[in-house]
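final33.cif follows (mmCIF, C-alpha atoms):
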data_start
#
loop_
_atom_site.group_PDB
_atom_site.id
_atom_site.type_symbol
_atom_site.label_atom_id
_atom_site.label_comp_id
_atom_site.auth_asym_id
_atom_site.auth_seq_id
_atom_site.Cartn_x
_atom_site.Cartn_y
_atom_site.Cartn_z
ATOM 1 C CA MET A 202 -47.049 27.819 52.880
ATOM 2 C CA SER A 203 -46.339 31.538 53.203
ATOM 3 C CA ARG A 204 -43.034 30.715 54.900
ATOM 4 C CA VAL A 205 -42.037 28.540 51.986
ATOM 5 C CA HIS A 206 -42.885 31.264 49.473
ATOM 6 C CA ASP A 207 -40.954 33.824 51.509
ATOM 7 C CA ALA A 208 -37.901 31.529 51.619
ATOM 8 C CA LEU A 209 -37.989 30.981 47.835
ATOM 9 C CA ARG A 210 -38.370 34.714 47.215
ATOM 10 C CA ARG A 211 -35.374 35.501 49.408
ATOM 11 C CA ALA A 212 -33.297 32.850 47.642
ATOM 12 C CA GLU A 213 -34.125 34.370 44.233
ATOM 13 C CA GLN A 214 -33.181 37.840 45.462
ATOM 14 C CA ALA A 215 -29.867 36.544 46.867
ATOM 15 C CA ALA A 216 -29.010 34.836 43.580
ATOM 16 C CA ALA A 217 -29.713 38.010 41.650
ATOM 17 C CA ALA A 218 -27.531 40.013 43.993
ATOM 18 C CA ASP A 219 -24.556 37.558 43.900
ATOM 19 C CA PRO A 220 -23.180 37.182 40.345
ATOM 20 C CA ARG A 221 -21.280 34.003 41.323
ATOM 21 C CA ILE A 222 -24.569 32.234 41.966
ATOM 22 C CA ALA A 223 -26.333 33.604 38.911
ATOM 23 C CA GLU A 224 -23.474 32.677 36.559
ATOM 24 C CA PRO A 225 -24.163 29.326 34.846
ATOM 25 C CA ARG A 226 -21.604 26.541 35.090
ATOM 26 C CA PRO A 227 -19.481 25.933 32.013
ATOM 27 C CA SER A 228 -20.537 22.769 30.211
ATOM 28 C CA ARG A 229 -18.044 19.953 29.889
ATOM 29 C CA ARG A 230 -17.966 18.791 26.289
ATOM 30 C CA ALA A 231 -16.406 15.567 25.121
ATOM 31 C CA PRO A 232 -13.112 16.111 23.299
ATOM 32 C CA THR A 233 -13.463 16.093 19.532
ATOM 33 C CA ALA A 234 -11.243 14.314 17.032
ATOM 34 C CA SER A 235 -9.520 17.583 16.176
ATOM 35 C CA THR A 236 -8.425 18.032 19.785
ATOM 36 C CA LEU A 237 -7.229 14.446 20.133
ATOM 37 C CA LEU A 238 -5.059 14.273 16.989
ATOM 38 C CA GLU A 239 -1.982 16.438 17.209
ATOM 39 C CA PRO A 240 -0.551 18.004 14.058
ATOM 40 C CA GLN A 241 1.928 15.647 12.438
ATOM 41 C CA PRO A 242 5.417 16.852 11.509
ATOM 42 C CA SER A 243 6.370 17.145 7.859
ATOM 43 C CA LEU A 244 8.138 14.244 6.143
ATOM 44 C CA HIS A 245 10.488 16.639 4.368
ATOM 45 C CA GLY A 246 13.957 15.119 4.244
ATOM 46 C CA LEU A 247 12.708 11.652 5.182
ATOM 47 C CA LEU A 248 14.267 9.894 2.196
ATOM 48 C CA ASP A 249 17.696 11.356 2.933
ATOM 49 C CA GLN A 250 17.741 9.342 6.168
ATOM 50 C CA VAL A 251 16.587 6.021 4.701
ATOM 51 C CA LYS A 252 18.983 3.082 4.575
ATOM 52 C CA VAL A 253 19.959 1.842 1.100
ATOM 53 C CA ILE A 254 20.051 -1.915 0.439
ATOM 54 C CA PRO A 255 21.415 -3.600 -2.708
ATOM 55 C CA TYR A 256 18.974 -4.818 -5.317
ATOM 56 C CA HIS A 257 19.456 -8.566 -5.007
ATOM 57 C CA PRO A 258 16.009 -10.186 -5.192
ATOM 58 C CA SER A 259 15.699 -13.782 -4.148
ATOM 59 C CA PRO A 260 15.985 -16.281 -7.040
ATOM 60 C CA GLU A 261 12.584 -17.679 -6.015
ATOM 61 C CA SER A 262 10.929 -14.263 -5.959
ATOM 62 C CA LEU A 263 9.717 -14.358 -9.606
ATOM 63 C CA VAL A 264 10.101 -10.589 -9.934
ATOM 64 C CA ILE A 265 10.126 -8.961 -13.360
ATOM 65 C CA ASP A 266 13.555 -8.365 -14.857
ATOM 66 C CA PRO A 267 14.224 -4.735 -15.851
ATOM 67 C CA ASP A 268 17.049 -5.961 -18.102
ATOM 68 C CA HIS A 269 14.513 -7.861 -20.239
ATOM 69 C CA PRO A 270 11.722 -5.325 -20.788
ATOM 70 C CA HIS A 271 10.103 -7.238 -23.653
ATOM 71 C CA GLU A 272 9.264 -10.374 -21.689
ATOM 72 C CA ALA A 273 5.562 -11.141 -21.393
ATOM 73 C CA PRO A 274 5.222 -10.812 -17.582
ATOM 74 C CA THR A 275 6.896 -7.408 -17.696
ATOM 75 C CA GLU A 276 4.489 -6.245 -20.383
ATOM 76 C CA GLU A 277 1.495 -7.417 -18.352
ATOM 77 C CA PHE A 278 2.536 -5.408 -15.305
ATOM 78 C CA ARG A 279 3.274 -2.414 -17.507
ATOM 79 C CA THR A 280 -0.287 -2.656 -18.769
ATOM 80 C CA LEU A 281 -1.566 -2.762 -15.204
ATOM 81 C CA ARG A 282 0.658 0.207 -14.355
ATOM 82 C CA THR A 283 -0.697 2.210 -17.287
ATOM 83 C CA ARG A 284 -4.298 1.622 -16.252
ATOM 84 C CA LEU A 285 -3.648 2.567 -12.639
ATOM 85 C CA ASN A 286 -1.764 5.705 -13.611
ATOM 86 C CA HIS A 287 -4.664 6.677 -15.860
ATOM 87 C CA MET A 288 -7.036 6.270 -12.907
ATOM 88 C CA GLN A 289 -4.680 8.404 -10.844
ATOM 89 C CA SER A 290 -4.874 11.167 -13.444
ATOM 90 C CA LEU A 291 -8.665 11.240 -13.010
ATOM 91 C CA GLN A 292 -8.853 11.079 -9.211
ATOM 92 C CA PRO A 293 -6.419 11.242 -6.285
ATOM 93 C CA ILE A 294 -5.291 7.622 -5.873
ATOM 94 C CA HIS A 295 -1.956 7.116 -4.127
ATOM 95 C CA THR A 296 -2.479 4.285 -1.609
ATOM 96 C CA THR A 297 -3.791 0.896 -2.680
ATOM 97 C CA VAL A 298 -4.295 -2.437 -0.962
ATOM 98 C CA VAL A 299 -3.339 -5.590 -2.872
ATOM 99 C CA THR A 300 -5.098 -8.655 -1.498
ATOM 100 C CA SER A 301 -6.789 -11.885 -2.546
ATOM 101 C CA PRO A 302 -9.774 -13.925 -1.383
ATOM 102 C CA SER A 303 -7.668 -16.865 -0.173
ATOM 103 C CA PRO A 304 -3.993 -17.769 0.344
ATOM 104 C CA ALA A 305 -1.681 -18.899 -2.487
ATOM 105 C CA GLU A 306 -3.361 -16.806 -5.169
ATOM 106 C CA GLY A 307 -0.394 -14.541 -5.926
ATOM 107 C CA LYS A 308 -1.159 -11.294 -4.068
ATOM 108 C CA SER A 309 2.457 -10.755 -2.936
ATOM 109 C CA PHE A 310 3.702 -11.614 -6.432
ATOM 110 C CA ALA A 311 1.331 -9.030 -7.927
ATOM 111 C CA ALA A 312 2.075 -6.346 -5.314
ATOM 112 C CA THR A 313 5.851 -6.698 -5.688
ATOM 113 C CA ASN A 314 5.887 -6.654 -9.483
ATOM 114 C CA LEU A 315 3.416 -3.780 -9.661
ATOM 115 C CA ALA A 316 5.662 -1.774 -7.333
ATOM 116 C CA LEU A 317 8.694 -2.610 -9.480
ATOM 117 C CA ALA A 318 6.852 -1.596 -12.648
ATOM 118 C CA GLU A 319 5.802 1.726 -11.124
ATOM 119 C CA ALA A 320 9.323 2.385 -9.865
ATOM 120 C CA GLN A 321 10.727 2.006 -13.395
ATOM 121 C CA LEU A 322 9.157 5.334 -14.382
ATOM 122 C CA ALA A 323 11.435 8.335 -13.915
ATOM 123 C CA GLY A 324 10.705 10.215 -10.702
ATOM 124 C CA ASN A 325 7.879 7.836 -9.734
ATOM 125 C CA LEU A 326 8.800 7.128 -6.109
ATOM 126 C CA THR A 327 7.031 3.944 -5.025
ATOM 127 C CA LEU A 328 6.739 2.319 -1.598
ATOM 128 C CA LEU A 329 5.954 -1.377 -1.140
ATOM 129 C CA ALA A 330 4.707 -1.917 2.430
ATOM 130 C CA ASP A 331 4.296 -5.393 3.930
ATOM 131 C CA PHE A 332 1.148 -5.181 6.047
ATOM 132 C CA ASP A 333 0.780 -8.961 6.164
ATOM 133 C CA PHE A 334 1.934 -9.223 9.757
ATOM 134 C CA ARG A 335 0.750 -12.847 9.908
ATOM 135 C CA ARG A 336 2.879 -14.219 7.061
ATOM 136 C CA PRO A 337 5.223 -11.452 5.852
ATOM 137 C CA ILE A 338 7.309 -12.147 2.761
ATOM 138 C CA VAL A 339 8.595 -8.856 1.317
ATOM 139 C CA HIS A 340 11.812 -8.982 3.364
ATOM 140 C CA ASN A 341 12.506 -12.463 1.978
ATOM 141 C CA LEU A 342 11.890 -11.367 -1.606
ATOM 142 C CA PHE A 343 14.485 -8.593 -1.314
ATOM 143 C CA GLN A 344 16.753 -10.497 1.091
ATOM 144 C CA CYS A 345 16.821 -7.875 3.841
ATOM 145 C CA ASP A 346 16.083 -7.792 7.569
ATOM 146 C CA ARG A 347 12.468 -8.053 8.668
ATOM 147 C CA SER A 348 13.003 -5.609 11.537
ATOM 148 C CA PRO A 349 12.874 -2.689 12.082
ATOM 149 C CA GLY A 350 9.669 -2.395 10.123
ATOM 150 C CA ILE A 351 6.040 -1.338 10.301
ATOM 151 C CA THR A 352 5.159 -3.009 13.603
ATOM 152 C CA ASP A 353 8.247 -1.535 15.247
ATOM 153 C CA TYR A 354 7.249 1.961 14.129
ATOM 154 C CA LEU A 355 3.631 1.561 15.219
ATOM 155 C CA GLN A 356 4.765 0.424 18.655
ATOM 156 C CA GLY A 357 7.109 3.390 18.993
ATOM 157 C CA LYS A 358 10.275 1.291 18.881
ATOM 158 C CA CYS A 359 11.814 3.091 15.889
ATOM 159 C CA GLN A 360 11.446 6.182 13.744
ATOM 160 C CA LEU A 361 9.657 6.092 10.400
ATOM 161 C CA GLN A 362 12.865 6.467 8.394
ATOM 162 C CA ASP A 363 14.323 3.431 10.184
ATOM 163 C CA ALA A 364 11.425 1.258 8.975
ATOM 164 C CA ILE A 365 11.984 2.097 5.284
ATOM 165 C CA ARG A 366 14.669 0.779 2.910
ATOM 166 C CA LYS A 367 15.672 2.129 -0.489
ATOM 167 C CA VAL A 368 16.310 -0.617 -3.049
ATOM 168 C CA GLY A 369 19.576 0.104 -4.849
ATOM 169 C CA ASP A 370 19.551 3.054 -7.223
ATOM 170 C CA THR A 371 15.904 2.511 -8.176
ATOM 171 C CA ASN A 372 12.777 4.496 -7.279
ATOM 172 C CA LEU A 373 11.544 1.566 -5.178
ATOM 173 C CA TYR A 374 11.354 1.699 -1.388
ATOM 174 C CA ILE A 375 10.141 -1.089 0.875
ATOM 175 C CA MET A 376 8.763 -1.277 4.412
ATOM 176 C CA PRO A 377 9.174 -4.767 5.905
ATOM 177 C CA ALA A 378 6.548 -6.014 8.323
ATOM 178 C CA GLY A 379 8.743 -5.694 11.394
ATOM 179 C CA GLU A 380 8.891 -7.916 14.444
ATOM 180 C CA ALA A 381 6.156 -10.503 14.964
ATOM 181 C CA VAL A 382 3.116 -9.411 17.001
ATOM 182 C CA ILE A 383 0.374 -11.491 18.596
ATOM 183 C CA ASN A 384 -2.386 -8.945 17.926
ATOM 184 C CA PRO A 385 -2.100 -7.729 14.298
ATOM 185 C CA LEU A 386 -5.669 -6.430 14.035
ATOM 186 C CA GLU A 387 -5.464 -4.480 17.285
ATOM 187 C CA LEU A 388 -2.241 -2.893 16.064
ATOM 188 C CA LEU A 389 -3.875 -1.899 12.770
ATOM 189 C CA ASN A 390 -6.661 -0.162 14.690
ATOM 190 C CA LEU A 391 -4.230 2.355 16.158
ATOM 191 C CA LYS A 392 -4.685 5.924 14.958
ATOM 192 C CA GLU A 393 -0.999 5.945 13.966
ATOM 193 C CA VAL A 394 -1.810 3.632 11.038
ATOM 194 C CA LYS A 395 -4.198 6.129 9.452
ATOM 195 C CA GLN A 396 -1.852 9.013 10.189
ATOM 196 C CA MET A 397 1.019 7.187 8.497
ATOM 197 C CA LEU A 398 -1.022 6.257 5.419
ATOM 198 C CA ASP A 399 -2.263 9.834 5.132
ATOM 199 C CA ARG A 400 1.275 11.259 5.324
ATOM 200 C CA LEU A 401 3.193 8.875 3.054
ATOM 201 C CA PRO A 402 1.640 10.171 -0.214
ATOM 202 C CA SER A 403 3.359 13.493 0.459
ATOM 203 C CA VAL A 404 6.623 11.661 -0.323
ATOM 204 C CA PHE A 405 5.644 8.701 -2.516
ATOM 205 C CA ASN A 406 3.472 8.797 -5.609
ATOM 206 C CA TRP A 407 2.376 5.193 -4.990
ATOM 207 C CA VAL A 408 2.089 3.336 -1.688
ATOM 208 C CA ILE A 409 1.274 -0.330 -2.353
ATOM 209 C CA LEU A 410 0.204 -2.488 0.595
ATOM 210 C CA ASP A 411 0.600 -6.274 0.606
ATOM 211 C CA THR A 412 -2.082 -7.532 3.014
ATOM 212 C CA PRO A 413 -3.496 -10.867 4.259
ATOM 213 C CA PRO A 414 -6.282 -12.641 2.299
ATOM 214 C CA LEU A 415 -9.728 -11.180 2.762
ATOM 215 C CA LEU A 416 -11.591 -14.339 3.757
ATOM 216 C CA PHE A 417 -9.044 -15.444 6.366
ATOM 217 C CA ALA A 418 -8.437 -12.210 8.301
ATOM 218 C CA ALA A 419 -10.086 -8.813 8.734
ATOM 219 C CA ASP A 420 -6.810 -6.928 8.229
ATOM 220 C CA ALA A 421 -7.295 -6.194 4.522
ATOM 221 C CA ASN A 422 -10.883 -5.044 5.072
ATOM 222 C CA LEU A 423 -9.742 -2.544 7.671
ATOM 223 C CA LEU A 424 -6.821 -1.284 5.578
ATOM 224 C CA SER A 425 -9.042 -0.904 2.512
ATOM 225 C CA THR A 426 -11.107 1.676 4.414
ATOM 226 C CA LEU A 427 -7.918 3.676 5.055
ATOM 227 C CA CYS A 428 -6.583 3.571 1.482
ATOM 228 C CA HIS A 429 -7.730 5.076 -1.789
ATOM 229 C CA GLY A 430 -8.352 1.760 -3.532
ATOM 230 C CA THR A 431 -8.082 -2.023 -3.497
ATOM 231 C CA ILE A 432 -6.805 -4.504 -6.085
ATOM 232 C CA LEU A 433 -8.095 -8.073 -5.850
ATOM 233 C CA VAL A 434 -5.832 -10.877 -7.081
ATOM 234 C CA VAL A 435 -7.399 -14.178 -8.169
ATOM 235 C CA ARG A 436 -5.836 -17.325 -9.595
ATOM 236 C CA ILE A 437 -7.154 -19.307 -12.549
ATOM 237 C CA GLY A 438 -8.015 -22.833 -11.506
ATOM 238 C CA ALA A 439 -7.858 -22.057 -7.779
ATOM 239 C CA THR A 440 -10.150 -19.126 -6.945
ATOM 240 C CA THR A 441 -13.855 -19.973 -7.018
ATOM 241 C CA ILE A 442 -16.685 -17.687 -8.054
ATOM 242 C CA ASP A 443 -18.097 -17.957 -4.536
ATOM 243 C CA SER A 444 -14.790 -16.744 -3.048
ATOM 244 C CA ILE A 445 -14.681 -13.767 -5.407
ATOM 245 C CA THR A 446 -18.302 -12.886 -4.602
ATOM 246 C CA ARG A 447 -17.746 -13.043 -0.851
ATOM 247 C CA ALA A 448 -14.510 -11.065 -1.131
ATOM 248 C CA MET A 449 -16.192 -8.317 -3.139
ATOM 249 C CA GLN A 450 -19.080 -8.186 -0.685
ATOM 250 C CA SER A 451 -16.669 -7.841 2.232
ATOM 251 C CA LEU A 452 -15.126 -4.829 0.497
ATOM 252 C CA CYS A 453 -18.590 -3.325 -0.136
ATOM 253 C CA GLN A 454 -17.430 -2.871 -3.762
ATOM 254 C CA ASN A 455 -16.899 0.831 -3.053
ATOM 255 C CA ASN A 456 -13.176 1.176 -3.668
ATOM 256 C CA VAL A 457 -12.189 -1.826 -5.801
ATOM 257 C CA LEU A 458 -9.918 -0.569 -8.572
ATOM 258 C CA GLY A 459 -9.867 -3.867 -10.435
ATOM 259 C CA ILE A 460 -9.128 -7.596 -10.434
ATOM 260 C CA VAL A 461 -5.779 -9.106 -11.437
ATOM 261 C CA VAL A 462 -6.021 -12.615 -12.884
ATOM 262 C CA ASN A 463 -2.993 -14.715 -12.029
ATOM 263 C CA GLY A 464 -1.853 -18.153 -13.181
ATOM 264 C CA ALA A 465 -2.805 -18.003 -16.863
ATOM 265 C CA ARG A 466 -1.234 -20.607 -19.100
ATOM 266 C CA ARG A 467 1.511 -19.453 -21.402
ATOM 267 C CA GLY A 468 -0.403 -20.591 -24.489
ATOM 268 C CA GLU A 469 -3.559 -18.731 -23.414
ATOM 269 C CA LEU A 470 -1.955 -15.406 -22.565
ATOM 270 C CA TYR A 471 1.531 -15.136 -24.001
ATOM 271 C CA SER A 472 1.050 -16.228 -27.610
ATOM 272 C CA LYS A 473 0.487 -12.638 -28.715
ATOM 273 C CA TYR A 474 3.915 -11.682 -27.362
ATOM 274 C CA THR A 475 5.660 -14.188 -29.630
ATOM 275 C CA TYR A 476 4.741 -12.018 -32.594
ATOM 276 C CA TYR A 477 5.312 -8.801 -30.641
ATOM 277 C CA HIS A 478 8.808 -9.775 -29.538
ATOM 278 C CA SER A 479 9.882 -11.125 -32.933
ATOM 279 C CA TYR A 480 8.547 -8.059 -34.756
ATOM 280 C CA TYR A 481 9.751 -5.238 -32.508
ATOM 281 C CA SER A 482 12.863 -6.658 -30.829
ATOM 282 C CA PRO A 483 16.138 -6.396 -32.734
ATOM 283 C CA LYS A 484 17.572 -9.748 -33.704
ATOM 284 C CA GLU A 485 21.164 -10.713 -33.136
ATOM 285 C CA GLU A 486 21.806 -11.108 -36.846
ATOM 286 C CA ASP A 487 20.488 -7.582 -37.409
ATOM 287 C CA LYS A 488 23.050 -6.197 -34.978
ATOM 288 C CA ASP A 489 25.998 -8.265 -36.150
ATOM 289 C CA GLY A 490 27.062 -9.855 -39.367
ATOM 290 C CA PRO A 491 26.778 -13.554 -40.188
ATOM 291 C CA GLU A 492 30.058 -14.280 -38.487
ATOM 292 C CA GLY A 493 29.393 -12.082 -35.455
ATOM 293 C CA GLU A 494 31.085 -8.989 -36.913
ATOM 294 C CA LYS A 495 29.302 -5.680 -36.755
ATOM 295 C CA GLU A 496 27.807 -4.588 -40.044
ATOM 296 C CA GLU A 497 29.007 -1.365 -41.551
ATOM 297 C CA VAL A 498 26.409 1.234 -42.466
ATOM 298 C CA ASP A 499 27.099 3.535 -45.424
#
Could you express the structure from this file as structure tokens?
Amino acid sequence: MSRVHDALRRAEQAAAADPRIAEPRPSRRAPTASTLLEPQPSLHGLLDQVKVIPYHPSPESLVIDPDHPHEAPTEEFRTLRTRLNHMQSLQPIHTTVVTSPSPAEGKSFAATNLALAEAQLAGNLTLLADFDFRRPIVHNLFQCDRSPGITDYLQGKCQLQDAIRKVGDTNLYIMPAGEAVINPLELLNLKEVKQMLDRLPSVFNWVILDTPPLLFAADANLLSTLCHGTILVVRIGATTIDSITRAMQSLCQNNVLGIVVNGARRGELYSKYTYYHSYYSPKEEDKDGPEGEKEEVD
């Protein structure tokens, strides 16, 4: 045993004499998120490189008409716009998901018209992004090419400015879905999606995402965790209470901005606008005389 003790004592003395042995090994730490994500370049000057397309919505698109501001659908989306802008004044809300529990409940109709209503305000740059990679429709509504779009950018096939279109001389910009992909959810899990959604509010005041229905795909649930809020669209006579309950539970009810009710009958919803339009809108006989001649004012 004395030999063993002597050997250990000599080893300790040698370690103390040689600093290379006494020096502890540096620990290998796992890379943190801050080391993995590189700083993103500024989007300054992005809009100067965006392609401009004419404003020629499809006749079947059912978009609100800016030339008829007193029509009932336009007023409804203006009301929705006012409420969302009030929320934005209270907390930083710039990205919102528009979805529905099930298909054919009007989510794309609501997302498109909300974006148009927001874009009607002076200086209110608004982006409508088609994140429904399964059944995209935004490019059809505005009669433009589907690609290049979001999927092309996420796969590194184009630059961000190439995936965006400016609609005429309005404040509305659109991002089509892009080329078809076989793995939409895997693509949405890329870190580039969060980076893009975090950067776009530096250019646009509102970024509105049209996404797949909640109960048929997990895409909207994932995107809702990356955005500031979610708007749920339901349809009278089609959406069930059970579907709404399950949809709200899937969103955890933590970032739902509100529910848009679609498909109301004209008699139930629009009767109040009959009085509004007749009272506040100038009549033709007020503008012109009985025989179509302009009245003279003393």
Checklist outcome for this item: Using all atoms listed in the file, the residue out of A:Gly246, A:Pro255, A:Gly464, A:Pro260 with shortest distance to Leu361 (chain A) is A:Gly246
Checklist outcome for this item: Nearest to Met397 (chain A), restricted to all atoms listed in the file and choosing among A:Val339, A:Leu315, A:Val382, A:Ile351, comes out as A:Ile351
Checklist entry - Pick the closest to Lys308 (chain A) from A:Ile432, A:Leu285, A:Ala439, A:Leu458: which is it, counting only C-alpha atoms? => result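 For Lys308 (chain A), the nearest of the candidates is A:Ile432.
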Checklist entry - What does the distance from CA of Ile375 (chain A) to CA of Leu433 (chain A) come to in Å, to one decimal? => result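 Atom-to-atom, CA of Ile375 (chain A) and CA of Leu433 (chain A) are spaced 20.7 Å apart.
You can rank A:Asn456, A:Ser262, A:Ser425, A:Thr371 by their closest distance to Ile338 (chain A) using all atoms listed in the file, and at the top of that list sits A:Ser262.
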Checklist entry - Rounded to one decimal in Å, what is the spacing between CA of Asp420 (chain A) and CA of Phe332 (chain A)? => result 8.4 Å
What are the centre and edge lengths in Å, to one decimal, of the axis-aligned box around all listed atoms of region 409-413 of chain A with 8 Å added on each side, as AutoDock Vina command-line options?
--center_x -1.1 --center_y -5.6 --center_z 1.0 --size_x 20.8 --size_y 26.5 --size_z 22.6
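Our summary of the geometry notes that CA of Gln360 (chain A) is positioned 21.1 Å from CA of Asn406 (chain A).
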Checklist entry - Which is closer to Pro413 (chain A) than all the others in A:Asp249, A:Asp370, A:Glu306, A:Glu272, using all atoms listed in the file? => result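 Among A:Asp249, A:Asp370, A:Glu306, A:Glu272, it is A:Glu306 that comes nearest to Pro413 (chain A).
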How close does each residue of region 351-414 of chain A get to region 294-302 of chain A, giving the shortest atom pair and distance in Å to one decimal for every residue with an atom at most 10 Å away, counting only C-alpha atoms, sorted by chain and residue number, as JSON lines?
{"residue": "A:Leu398", "atom": "CA", "partner": "A:Thr296", "partner_atom": "CA", "distance": 7.4}
{"residue": "A:Asp399", "atom": "CA", "partner": "A:Thr296", "partner_atom": "CA", "distance": 8.7}
{"residue": "A:Leu401", "atom": "CA", "partner": "A:Thr296", "partner_atom": "CA", "distance": 8.7}
{"residue": "A:Pro402", "atom": "CA", "partner": "A:His295", "partner_atom": "CA", "distance": 6.1}
{"residue": "A:Ser403", "atom": "CA", "partner": "A:His295", "partner_atom": "CA", "distance": 9.5}
{"residue": "A:Phe405", "atom": "CA", "partner": "A:His295", "partner_atom": "CA", "distance": 7.9}
{"residue": "A:Asn406", "atom": "CA", "partner": "A:His295", "partner_atom": "CA", "distance": 5.9}
{"residue": "A:Trp407", "atom": "CA", "partner": "A:His295", "partner_atom": "CA", "distance": 4.8}
{"residue": "A:Val408", "atom": "CA", "partner": "A:Thr296", "partner_atom": "CA", "distance": 4.7}
{"residue": "A:Ile409", "atom": "CA", "partner": "A:Thr297", "partner_atom": "CA", "distance": 5.2}
{"residue": "A:Leu410", "atom": "CA", "partner": "A:Val298", "partner_atom": "CA", "distance": 4.8}
{"residue": "A:Asp411", "atom": "CA", "partner": "A:Val299", "partner_atom": "CA", "distance": 5.3}
{"residue": "A:Thr412", "atom": "CA", "partner": "A:Thr300", "partner_atom": "CA", "distance": 5.5}
{"residue": "A:Pro413", "atom": "CA", "partner": "A:Thr300", "partner_atom": "CA", "distance": 6.4}
{"residue": "A:Pro414", "atom": "CA", "partner": "A:Ser301", "partner_atom": "CA", "distance": 4.9}
Applying the PyMOL selection byres ((chain A and resi 281) around 12) to the file I just gave you, which residues come out? Please list them as a CSV table (one decimal) with C-alpha atoms, in the coordinates of the input.
chain,number,residue,atom,x,y,z
A,274,PRO,CA,5.2,-10.8,-17.6
A,275,THR,CA,6.9,-7.4,-17.7
A,276,GLU,CA,4.5,-6.2,-20.4
A,277,GLU,CA,1.5,-7.4,-18.4
A,278,PHE,CA,2.5,-5.4,-15.3
A,279,ARG,CA,3.3,-2.4,-17.5
A,280,THR,CA,-0.3,-2.7,-18.8
A,282,ARG,CA,0.7,0.2,-14.4
A,283,THR,CA,-0.7,2.2,-17.3
A,284,ARG,CA,-4.3,1.6,-16.3
A,285,LEU,CA,-3.6,2.6,-12.6
A,286,ASN,CA,-1.8,5.7,-13.6
A,287,HIS,CA,-4.7,6.7,-15.9
A,288,MET,CA,-7.0,6.3,-12.9
A,311,ALA,CA,1.3,-9.0,-7.9
A,312,ALA,CA,2.1,-6.3,-5.3
A,314,ASN,CA,5.9,-6.7,-9.5
A,315,LEU,CA,3.4,-3.8,-9.7
A,316,ALA,CA,5.7,-1.8,-7.3
A,317,LEU,CA,8.7,-2.6,-9.5
A,318,ALA,CA,6.9,-1.6,-12.6
A,319,GLU,CA,5.8,1.7,-11.1
A,432,ILE,CA,-6.8,-4.5,-6.1
A,458,LEU,CA,-9.9,-0.6,-8.6
A,459,GLY,CA,-9.9,-3.9,-10.4
A,460,ILE,CA,-9.1,-7.6,-10.4
A,461,VAL,CA,-5.8,-9.1,-11.4
A,462,VAL,CA,-6.0,-12.6,-12.9
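Using all atoms listed in the file, the smallest distance between any of A:Leu291, A:Val404, A:Leu326, A:Met449 and Gln362 (chain A) comes from A:Val404.
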Checklist entry - If we count only C-alpha atoms, what is near region 386-396 of chain A at a cut-off of 10 Å, once residues fewer than 3 positions away on the same chain are taken out, given as a list in words? => result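 So, after excluding close chain neighbours, the residues are Leu238, Pro240, Gln241, Phe332, Phe334, Arg335, Ile351, Thr352, Tyr354, Leu355, Gln356, Gly357, Val382, Ile383, Asp399, Arg400, Leu401, Ala418, Ala419, Asp420, Ala421, Leu423, Leu424, Thr426, Leu427 and Cys428 of chain A.
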Next on the checklist: Once the PyMOL selection byres ((chain A and resi 256) around 6) is applied to the coordinates I shared, what remains selected? I want it as a list in words.
Outcome noted: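 Checked against the file, the PyMOL selection byres ((chain A and resi 256) around 6) matches Pro255, His257, Val368 and Gly369 of chain A.
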Next on the checklist: Suppose a student applies the PyMOL selection byres ((chain A and resi 453) around 12) to this structure; what residues should they get, written as a ChimeraX atom specification?
Outcome noted: /A:422-423,425-426,430-431,446-452,454-457
Could you write those residues out with C-alpha atoms, as a PDB file, keeping the file's coordinate frame?
ATOM      1  CA  ASN A 422     -10.883  -5.044   5.072  1.00  0.00           C
ATOM      2  CA  LEU A 423      -9.742  -2.544   7.671  1.00  0.00           C
ATOM      3  CA  SER A 425      -9.042  -0.904   2.512  1.00  0.00           C
ATOM      4  CA  THR A 426     -11.107   1.676   4.414  1.00  0.00           C
ATOM      5  CA  GLY A 430      -8.352   1.760  -3.532  1.00  0.00           C
ATOM      6  CA  THR A 431      -8.082  -2.023  -3.497  1.00  0.00           C
ATOM      7  CA  THR A 446     -18.302 -12.886  -4.602  1.00  0.00           C
ATOM      8  CA  ARG A 447     -17.746 -13.043  -0.851  1.00  0.00           C
ATOM      9  CA  ALA A 448     -14.510 -11.065  -1.131  1.00  0.00           C
ATOM     10  CA  MET A 449     -16.192  -8.317  -3.139  1.00  0.00           C
ATOM     11  CA  GLN A 450     -19.080  -8.186  -0.685  1.00  0.00           C
ATOM     12  CA  SER A 451     -16.669  -7.841   2.232  1.00  0.00           C
ATOM     13  CA  LEU A 452     -15.126  -4.829   0.497  1.00  0.00           C
ATOM     14  CA  GLN A 454     -17.430  -2.871  -3.762  1.00  0.00           C
ATOM     15  CA  ASN A 455     -16.899   0.831  -3.053  1.00  0.00           C
ATOM     16  CA  ASN A 456     -13.176   1.176  -3.668  1.00  0.00           C
ATOM     17  CA  VAL A 457     -12.189  -1.826  -5.801  1.00  0.00           C
TER      18      VAL A 457
END
